[in-house]
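See below for model05.txt, which holds compact mmCIF, C-alpha atoms.
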# COMPACT_ATOMS: atom_id res chain seq x y z
CA PRO A 28 -14.65 -15.69 7.45
CA GLU A 29 -18.37 -15.53 8.32
CA ARG A 30 -18.60 -11.89 7.28
CA TRP A 31 -16.65 -12.55 4.10
CA VAL A 32 -19.06 -15.31 3.07
CA GLU A 33 -22.03 -13.04 3.75
CA GLN A 34 -20.54 -10.24 1.66
CA VAL A 35 -19.76 -12.53 -1.26
CA ALA A 36 -23.29 -13.95 -1.11
CA VAL A 37 -24.77 -10.44 -1.39
CA LEU A 38 -22.32 -9.56 -4.15
CA TYR A 39 -23.35 -12.58 -6.20
CA ALA A 40 -27.04 -11.79 -5.65
CA LEU A 41 -27.07 -8.10 -6.66
CA PRO A 42 -26.85 -8.65 -10.44
CA ARG A 43 -29.64 -11.21 -10.25
CA TYR A 44 -31.86 -8.48 -8.78
CA LEU A 45 -31.16 -6.45 -11.94
CA ALA A 46 -28.69 -4.04 -10.40
CA HIS A 47 -27.82 -1.47 -13.08
CA SER A 48 -24.13 -1.64 -12.16
CA VAL A 49 -22.05 -2.80 -9.20
CA THR A 50 -18.78 -1.31 -7.97
CA VAL A 51 -17.04 -3.05 -5.07
CA LEU A 52 -14.46 -1.24 -2.97
CA VAL A 53 -11.68 -3.58 -1.85
CA PRO A 54 -9.19 -1.00 -0.57
CA TYR A 55 -6.89 -3.65 0.90
CA PHE A 56 -6.47 -6.91 -1.02
CA PRO A 57 -5.39 -9.06 1.96
CA THR A 58 -3.79 -11.96 0.09
CA ALA A 59 -1.77 -9.78 -2.30
CA THR A 60 1.60 -10.87 -0.93
CA MET A 61 0.79 -14.54 -1.60
CA GLU A 62 0.89 -14.18 -5.37
CA ARG A 63 3.41 -16.85 -6.29
CA VAL A 64 4.42 -20.42 -5.52
CA GLU A 65 8.09 -21.01 -4.88
CA GLU A 66 7.93 -24.68 -3.95
CA ALA A 67 5.50 -27.58 -4.25
CA GLY A 68 2.72 -27.53 -1.67
CA GLN A 69 2.36 -23.75 -1.41
CA VAL A 70 -0.88 -22.04 -2.39
CA ALA A 71 -1.08 -18.70 -4.18
CA THR A 72 -4.02 -17.40 -2.15
CA ALA A 73 -4.01 -14.17 -4.15
CA MET A 74 -5.27 -16.25 -7.06
CA THR A 75 -7.83 -17.97 -4.81
CA MET A 76 -9.40 -14.69 -3.73
CA ALA A 77 -9.27 -13.33 -7.27
CA ARG A 78 -11.19 -16.41 -8.47
CA ILE A 79 -13.85 -15.93 -5.81
CA LEU A 80 -14.38 -12.30 -6.82
CA SER A 81 -14.24 -13.17 -10.51
CA ALA A 82 -17.30 -15.40 -10.09
CA CYS A 83 -19.56 -12.34 -9.71
CA PRO A 84 -22.36 -12.47 -12.31
CA PRO A 85 -22.45 -9.55 -14.78
CA THR A 86 -24.86 -6.68 -14.19
CA VAL A 87 -27.29 -5.10 -16.66
CA CYS A 88 -24.52 -2.77 -17.86
CA GLY A 89 -21.69 -5.26 -17.83
CA PRO A 90 -19.03 -6.67 -15.50
CA VAL A 91 -18.72 -5.82 -11.81
CA ARG A 92 -15.93 -3.31 -11.08
CA LEU A 93 -13.48 -4.01 -8.25
CA VAL A 94 -11.67 -0.93 -6.91
CA ILE A 95 -8.38 -1.85 -5.23
CA PHE A 96 -5.67 0.44 -3.85
CA ASP A 97 -1.97 -0.42 -4.31
CA ILE A 98 -2.37 -4.13 -5.00
CA HIS A 99 1.33 -4.91 -4.26
CA THR A 100 2.26 -6.51 -7.60
CA LEU A 101 0.82 -6.09 -11.06
CA GLN A 102 0.83 -9.87 -11.38
CA ASN A 103 -2.22 -9.98 -9.07
CA ARG A 104 -4.22 -8.06 -11.64
CA PHE A 105 -3.98 -10.96 -14.09
CA TYR A 106 -5.45 -13.46 -11.64
CA PHE A 107 -8.89 -11.93 -12.15
CA GLY A 108 -11.12 -13.37 -14.83
CA ASP A 109 -12.75 -11.50 -17.71
CA SER A 110 -16.11 -11.41 -15.90
CA VAL A 111 -14.96 -8.58 -13.58
CA ILE A 112 -12.94 -5.41 -14.12
CA PRO A 113 -10.18 -4.71 -11.57
CA CYS A 114 -9.69 -0.95 -11.23
CA LEU A 115 -6.27 -0.39 -9.68
CA LEU A 116 -5.84 2.93 -7.86
CA THR A 117 -2.98 4.32 -5.79
CA ALA A 118 -2.97 6.32 -2.57
CA LEU A 119 0.25 8.16 -3.47
CA PRO A 120 -1.55 11.44 -4.36
CA LEU A 121 -2.40 11.69 -0.65
CA LEU A 122 1.31 11.74 0.18
CA MET A 123 2.04 14.27 -2.55
CA ARG A 124 -0.51 16.68 -1.09
CA GLU A 125 1.01 16.31 2.38
CA LEU A 126 4.55 16.95 1.14
CA LYS A 127 3.53 19.98 -0.90
CA ALA A 128 1.70 21.46 2.09
CA GLU A 129 4.71 20.91 4.35
CA GLU A 130 7.18 22.30 1.80
CA GLU A 131 5.42 25.68 1.75
CA GLY A 132 7.39 28.05 3.93
CA SER A 133 9.78 25.28 4.94
CA ALA A 134 13.46 24.74 4.23
CA LYS A 135 13.00 20.96 4.03
CA LYS A 136 14.35 19.16 0.99
CA TYR A 137 12.48 15.91 0.44
CA ALA A 138 13.73 12.69 -1.14
CA ILE A 139 11.70 9.53 -1.68
CA ALA A 140 13.27 6.31 -0.41
CA PHE A 141 12.28 2.75 -1.23
CA PRO A 142 13.01 -0.21 1.06
CA ASP A 143 13.86 -2.44 -1.90
CA GLU A 144 14.03 -2.54 -5.69
CA GLY A 145 10.53 -3.97 -5.89
CA ALA A 146 9.02 -0.90 -4.21
CA LYS A 147 10.86 1.35 -6.64
CA LYS A 148 9.48 -0.61 -9.60
CA ARG A 149 5.96 -0.24 -8.23
CA PHE A 150 6.10 3.43 -7.26
CA GLY A 151 9.18 5.03 -8.80
CA GLY A 152 7.37 6.24 -11.89
CA PHE A 153 4.98 8.31 -9.79
CA PHE A 154 7.83 10.35 -8.26
CA LYS A 155 10.12 10.56 -11.28
CA GLY A 156 11.11 14.16 -11.95
CA LYS A 157 9.40 15.35 -8.76
CA PHE A 158 11.77 14.24 -6.00
CA PRO A 159 15.23 12.65 -5.81
CA MET A 160 14.93 8.90 -5.26
CA ILE A 161 16.89 6.55 -3.02
CA VAL A 162 16.84 2.75 -3.10
CA CYS A 163 17.87 0.52 -0.22
CA CYS A 164 18.82 -3.11 -0.73
CA LYS A 165 19.94 -6.09 1.31
CA GLU A 166 23.21 -7.85 0.70
CA ARG A 167 24.72 -10.92 2.33
CA VAL A 168 28.03 -10.46 4.14
CA GLY A 169 29.16 -13.82 5.49
CA ASN A 170 26.23 -15.15 7.48
CA GLU A 171 24.63 -11.74 7.87
CA ARG A 172 22.26 -9.78 5.68
CA ARG A 173 23.00 -6.08 5.74
CA LEU A 174 21.20 -3.08 4.34
CA ARG A 175 22.96 -0.60 2.07
CA LEU A 176 22.10 2.19 -0.34
CA ALA A 177 21.92 0.85 -3.88
CA GLU A 178 20.98 4.17 -5.47
CA GLY A 179 20.91 7.86 -4.50
CA SER A 180 22.15 9.87 -1.55
CA ALA A 181 20.38 10.75 1.69
CA GLN A 182 22.80 13.53 2.65
CA GLY A 183 20.92 16.72 3.50
CA PHE A 184 17.46 15.37 2.62
CA HIS A 185 14.38 14.62 4.65
CA CYS A 186 13.72 11.10 3.41
CA VAL A 187 10.24 9.62 3.08
CA ILE A 188 10.23 5.82 2.84
CA VAL A 189 7.36 4.61 0.65
CA ASP A 190 5.88 1.12 0.75
CA ASP A 191 2.48 -0.34 -0.04
CA LEU A 192 2.15 -2.80 2.85
CA VAL A 193 3.79 -3.17 6.25
CA GLN A 194 3.44 -5.93 8.82
CA THR A 195 5.86 -5.55 11.76
CA GLY A 196 7.81 -2.68 10.20
CA GLY A 197 11.25 -4.20 10.77
CA THR A 198 12.44 -3.42 7.24
CA LEU A 199 11.26 0.18 7.44
CA ARG A 200 12.99 0.72 10.77
CA ASN A 201 16.24 -0.68 9.39
CA CYS A 202 15.95 1.65 6.38
CA LYS A 203 15.32 4.59 8.68
CA ASN A 204 18.47 3.86 10.68
CA LEU A 205 20.50 3.46 7.48
CA LEU A 206 19.25 6.75 6.02
CA LYS A 207 20.01 8.66 9.20
CA GLY A 208 23.48 7.14 9.23
CA GLU A 209 23.92 8.35 5.64
CA GLY A 210 23.18 11.96 6.60
CA ALA A 211 19.40 12.32 6.29
CA THR A 212 18.09 15.35 8.19
CA GLY A 213 14.94 13.43 9.09
CA VAL A 214 13.04 10.30 8.11
CA SER A 215 9.30 9.74 7.62
CA ALA A 216 7.35 6.89 6.06
CA PHE A 217 4.25 6.43 3.95
CA ILE A 218 2.31 3.15 4.15
CA THR A 219 -0.83 2.49 2.13
CA HIS A 220 -1.85 -0.65 4.02
CA ALA A 221 -0.79 -0.58 7.67
CA VAL A 222 -1.53 -4.18 8.63
CA PHE A 223 0.38 -4.19 11.94
CA PRO A 224 -0.70 -7.58 13.37
CA ASN A 225 -0.60 -7.91 17.16
CA ALA A 226 -0.37 -4.12 17.57
CA ALA A 227 3.03 -4.04 15.83
CA TRP A 228 2.52 -0.30 15.33
CA LYS A 229 3.84 0.15 18.85
CA ASN A 230 7.31 -0.53 17.43
CA PHE A 231 7.14 2.92 15.79
CA ILE A 232 6.42 4.83 18.99
CA ASP A 233 9.40 6.86 20.29
CA ASP A 234 11.59 5.30 17.61
CA GLY A 235 12.96 8.43 15.95
CA TRP A 236 10.37 8.93 13.20
CA ASP A 237 9.34 12.42 12.13
CA SER A 238 6.01 11.26 10.68
CA VAL A 239 4.48 7.94 9.65
CA TYR A 240 1.65 8.46 7.17
CA VAL A 241 -0.87 5.63 6.86
CA THR A 242 -4.19 5.41 5.05
CA ASP A 243 -7.51 4.17 6.37
CA SER A 244 -7.59 1.24 3.93
CA ILE A 245 -7.76 -0.98 7.04
CA PRO A 246 -10.27 0.88 9.24
CA GLU A 247 -9.54 -1.04 12.45
CA THR A 248 -5.85 -0.12 12.31
CA ALA A 249 -6.61 3.47 11.34
CA LYS A 250 -8.84 3.80 14.39
CA ASP A 251 -6.04 2.53 16.65
CA LEU A 252 -3.49 4.96 15.17
CA THR A 253 -5.60 8.12 15.15
CA GLY A 254 -4.11 10.71 17.49
CA LYS A 255 -0.96 8.71 18.24
CA ASP A 256 2.45 10.18 17.37
CA PRO A 257 4.20 9.78 14.97
CA PHE A 258 1.21 8.51 12.95
CA LYS A 259 -0.86 10.63 10.62
CA VAL A 260 -3.94 8.89 9.21
CA LEU A 261 -4.91 9.95 5.67
CA THR A 262 -8.28 8.99 4.23
CA ILE A 263 -8.51 7.41 0.78
CA ALA A 264 -11.93 9.04 0.32
CA PRO A 265 -10.69 11.89 -1.96
CA GLU A 266 -9.08 9.45 -4.39
CA LEU A 267 -12.14 7.22 -4.35
CA ASP A 268 -14.35 10.24 -4.97
CA LYS A 269 -12.26 11.29 -7.97
CA TYR A 270 -12.60 7.82 -9.45
CA LEU A 271 -16.32 7.33 -8.83
CA PHE A 272 -17.40 10.88 -9.70
CA PRO A 273 -14.93 12.26 -12.25
CA THR A 274 -15.52 15.85 -13.32
CA ALA A 275 -16.21 16.55 -16.95
Please express the file's structure as structure tokens.
Amino acid sequence: PERWVEQVAVLYALPRYLAHSVTVLVPYFPTATMERVEEAGQVATAMTMARILSACPPTVCGPVRLVIFDIHTLQNRFYFGDSVIPCLLTALPLLMRELKAEEEGSAKKYAIAFPDEGAKKRFGGFFKGKFPMIVCCKERVGNERRLRLAEGSAQGFHCVIVDDLVQTGGTLRNCKNLLKGEGATGVSAFITHAVFPNAAWKNFIDDGWDSVYVTDSIPETAKDLTGKDPFKVLTIAPELDKYLFPTA
């Protein structure tokens, strides 16, 4: 909290010192999953943080730009006020480059899997026409909640589960087991924001994963995962570079 207050104080001050323009990189929007209120007494902290950032004064050339990767739900975008410009980027091109590199000279057939319908809505358009897609979903059977395939087939494919944010990874591991049971030749995962509180990444070690791709949107986690199988840390720098310095 102390560092956050210091950063916001500097951010508010820059336009007052006649900064020509200000672009703020917020690769991981930490309150993104708290975007709605389902019962009285809850607080949508995604809106709270958006309000704090929206209070940035305008610069000489206009509003402050906020660059955010895979913000979880589009609803979060509308919590920001008109005084800032949220620039929503995705880290999925990093995964595409990895898959294309691995496909060369390989007999692997890839399919993209989503842990739920929400993930497909967020990311399905990016993969449409490029890879077969599979959707997992939970259903209640008696007092139990079970996972099943709602769409697609895993038979004969190396499945890559795609999600924007992972905490303990329980849902991803259940999806992995389901896909292998449905005939997948291998299962990997791609996670933009690997939160992994309390070193939850250890749950993925020796757990039957081919690869688990994560980005460095949370530097502390990326440092912990570097060099540890099955993790492969991908830097968001190329996508940030393309946005900040587009070629003519």
Legend entry - Nearest-residue call for Leu41 of chain A, choices A:Val91, A:Ala140, A:Cys114, A:Ile161, using only C-alpha atoms: A:Val91
Inset, instruction - Identify which of the residues A:Ala134, A:Val51, A:Cys88, A:Val239 lies closest to Phe258 of chain A, counting all atoms listed in the file when measuring atom-to-atom distances. - result: A:Val239
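With atom CA of Val37 of chain A on one side and atom CA of Val94 of chain A on the other, the separation reads 17.1 Å.
Note that the spacing between atom CA of Val222 of chain A and atom CA of Gly208 of chain A amounts to 27.5 Å.
Note that the spacing between atom CA of Val111 of chain A and atom CA of Pro90 of chain A amounts to 4.9 Å.
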Would you write out, as a tab-separated table, a table of all residues in segment 62-154 of chain A that have an atom no more than 12 Å from an atom of segment 55-58 of chain A, listing for each the closest atom pair and the distance in Å to one decimal, considering only C-alpha atoms and ordering rows by chain and rising residue number?
residue	atom	partner	partner_atom	distance
A:Glu62	CA	A:Thr58	CA	7.5
A:Arg63	CA	A:Thr58	CA	10.8
A:Val70	CA	A:Thr58	CA	10.8
A:Ala71	CA	A:Thr58	CA	8.4
A:Thr72	CA	A:Thr58	CA	5.9
A:Ala73	CA	A:Thr58	CA	4.8
A:Met74	CA	A:Thr58	CA	8.5
A:Thr75	CA	A:Thr58	CA	8.7
A:Met76	CA	A:Thr58	CA	7.3
A:Ala77	CA	A:Thr58	CA	9.3
A:Leu80	CA	A:Phe56	CA	11.2
A:Leu93	CA	A:Phe56	CA	10.5
A:Val94	CA	A:Tyr55	CA	9.6
A:Ile95	CA	A:Tyr55	CA	6.6
A:Phe96	CA	A:Tyr55	CA	6.4
A:Asp97	CA	A:Tyr55	CA	7.9
A:Ile98	CA	A:Phe56	CA	6.4
A:His99	CA	A:Phe56	CA	8.7
A:Thr100	CA	A:Phe56	CA	10.9
A:Asn103	CA	A:Thr58	CA	9.5
A:Arg104	CA	A:Phe56	CA	10.9
A:Tyr106	CA	A:Thr58	CA	11.9
A:Pro113	CA	A:Phe56	CA	11.4
A:Leu115	CA	A:Phe56	CA	10.8
A:Leu116	CA	A:Tyr55	CA	11.0
A:Thr117	CA	A:Tyr55	CA	11.1
A:Ala118	CA	A:Tyr55	CA	11.3
Inset, instruction - Between A:Phe141, A:Phe105, A:Phe153, A:Trp31, single out the one closest to Phe217 of chain A, counting only C-alpha atoms. - result: A:Phe141
Give me, as CSV, each residue of segment 111-146 of chain A that comes within 10 Å of segment 261-264 of chain A, together with its shortest interatomic pair and the distance in Å at one decimal, counting only C-alpha atoms, with rows ordered by chain and rising residue number.
residue,atom,partner,partner_atom,distance
A:Thr117,CA,A:Ile263,CA,9.1
A:Ala118,CA,A:Ile263,CA,6.6
A:Leu119,CA,A:Ile263,CA,9.8
A:Pro120,CA,A:Ile263,CA,9.5
A:Leu121,CA,A:Leu261,CA,7.0
A:Leu122,CA,A:Leu261,CA,8.5
A:Glu125,CA,A:Leu261,CA,9.3
Include C-alpha atoms and write out the residues we just selected as a tab-separated table (two decimals), in the coordinates of the input.
chain	number	residue	atom	x	y	z
A	117	THR	CA	-2.98	4.32	-5.79
A	118	ALA	CA	-2.97	6.32	-2.57
A	119	LEU	CA	0.25	8.16	-3.47
A	120	PRO	CA	-1.55	11.44	-4.36
A	121	LEU	CA	-2.40	11.69	-0.65
A	122	LEU	CA	1.31	11.74	0.18
A	125	GLU	CA	1.01	16.31	2.38
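With all atoms listed in the file as the atoms that count, the residue of A:Ser81, A:Gln102, A:Ser244, A:Gln182 with the shortest distance to Ala138 of chain A is A:Gln182.
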Inset, instruction - Could you check which of A:Lys157, A:Ser110, A:Val189, A:Leu205 is closest to Arg173 of chain A, using only C-alpha atoms? - result: A:Leu205
Inset, instruction - Mind checking which residues fall within 9 Å of Arg175 of chain A, counting only C-alpha atoms, ignoring those fewer than 4 positions away in the same chain, and posting them as an NGL selection string? - result: :A and (162-166 or 202 or 205)
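In this comparison, which uses all atoms listed in the file, the residue of A:His185, A:Lys255, A:Arg167, A:Arg172 approaching Ile139 of chain A most closely is A:His185.
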Legend entry - Gly89 of chain A environment, 10 Å, all atoms listed in the file, sequence neighbours closer than 2 positions dropped, as a ChimeraX atom specification: /A:42,47-49,84-87,91-92,110-112
Inset, instruction - Give me the residues within 12 Å of Pro224 of chain A as a PyMOL selection string, counting all atoms listed in the file and dropping any in the same chain fewer than 3 places off. - result: chain A and resi 192-196+220-221+227-230+245+247-248+251
Do a neighbour search on segment 146-148 of chain A at 8 Å with all atoms listed in the file, toss out local chain neighbours closer than 2 positions, and write the hits as a CSV table (one decimal) with C-alpha atoms, in the frame of the given file.
chain,number,residue,atom,x,y,z
A,141,PHE,CA,12.3,2.8,-1.2
A,142,PRO,CA,13.0,-0.2,1.1
A,143,ASP,CA,13.9,-2.4,-1.9
A,144,GLU,CA,14.0,-2.5,-5.7
A,150,PHE,CA,6.1,3.4,-7.3
A,151,GLY,CA,9.2,5.0,-8.8
A,152,GLY,CA,7.4,6.2,-11.9
A,162,VAL,CA,16.8,2.8,-3.1
A,189,VAL,CA,7.4,4.6,0.6
A,190,ASP,CA,5.9,1.1,0.8
A,191,ASP,CA,2.5,-0.3,0.0
